[in-house]
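Here's the structure we're looking at; comments come further down.
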Amino acid sequence: MKKFFTRAAVAAIAVAGIAGAVSTPTAGAVSTDQYDRVRYVMCGNDDVTIDMQNVYGNSEQFTKNLSGSKCAYYDFTESGEYGGFVAVSVVDENGGPVSCKIYVNGQVVSKSNDSSDYYSYASCY
């Protein structure tokens with residue numbers, strides 16, 4: 001009888017563990033609703049390459065000098081009737097600190113940083 005209860009307890013723990021793993025939310029892209037206020041904050045300490053989803057929903061890539069531990073900002077209001085997705089990444093090909101944050105309606109919804117020596121990459125989505 002003791003073996004039965006031990007096996008039943010082990011089975012219950014296994015099922016609970018699997019159920020917990022299944023119900024755990026997974027990471028995904030940050031989505032916005034129409035009229036949401038979005039702010040990207042991109043920081044670095046050198047010339048960096050920034051790749052971002054712009055106000056029109058298109059990918060835009062450019063180089064920005066953030067020497068002296070500066071940050072760049074990009075603000076927009078989501079205008080799409082059905083909302084959209086937001087994403088930004090910061091790359092320093094020479095290494096060093098880079099970071100990004102995405103705010104939606106004043107709340108941080110994604111953030112990332114890296115300070116690798118030879119190549120730094122921070123991606124927020």
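Following the order of the structure tokens, first chain is A, next is B, and so on, with residues numbered from 1 inside each chain and ligands from 1 in the order they appear.
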Subject >> Exercise: Gln53 in chain A partners within 12 Å, only C-alpha atoms, chain neighbours under 2 positions left out, as a PyMOL selection string >> reply: chain A and resi 29-31+38-40+50-51+55-62+74-76+78+84-89+102+123-125
Original post:
Expressed in Å to a single decimal, how great is the separation between CA of Ser112 in chain A and CA of Tyr82 in chain A?
Top reply: 26.7 Å
Original post:
Rounded to one decimal in Å, what is the spacing between CA of Gln107 in chain A and CA of Val41 in chain A?
Top reply: 12.5 Å
Subject >> Separation of CA of Asn94 in chain A from CA of Ser120 in chain A in Å >> reply: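 The value is 7.4 Å.
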Subject >> Residue among A:Tyr103, A:Asp47, A:Gly96, A:Val108 lying closest to Ala122 in chain A, counting only C-alpha atoms >> reply: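 Nearest candidate to Ala122 in chain A out of A:Tyr103, A:Asp47, A:Gly96, A:Val108: A:Gly96.
Proximity ranking of A:Tyr35, A:Thr49, A:Glu93, A:Cys43 relative to Asn113 in chain A places A:Cys43 first, based on only C-alpha atoms.
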Original post:
With distances taken over only C-alpha atoms, which of A:Ser67, A:Asn54, A:Ser110, A:Ser116 is nearest to Pro97 in chain A?
Top reply: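 The answer is A:Ser116, which sits nearest to Pro97 in chain A.
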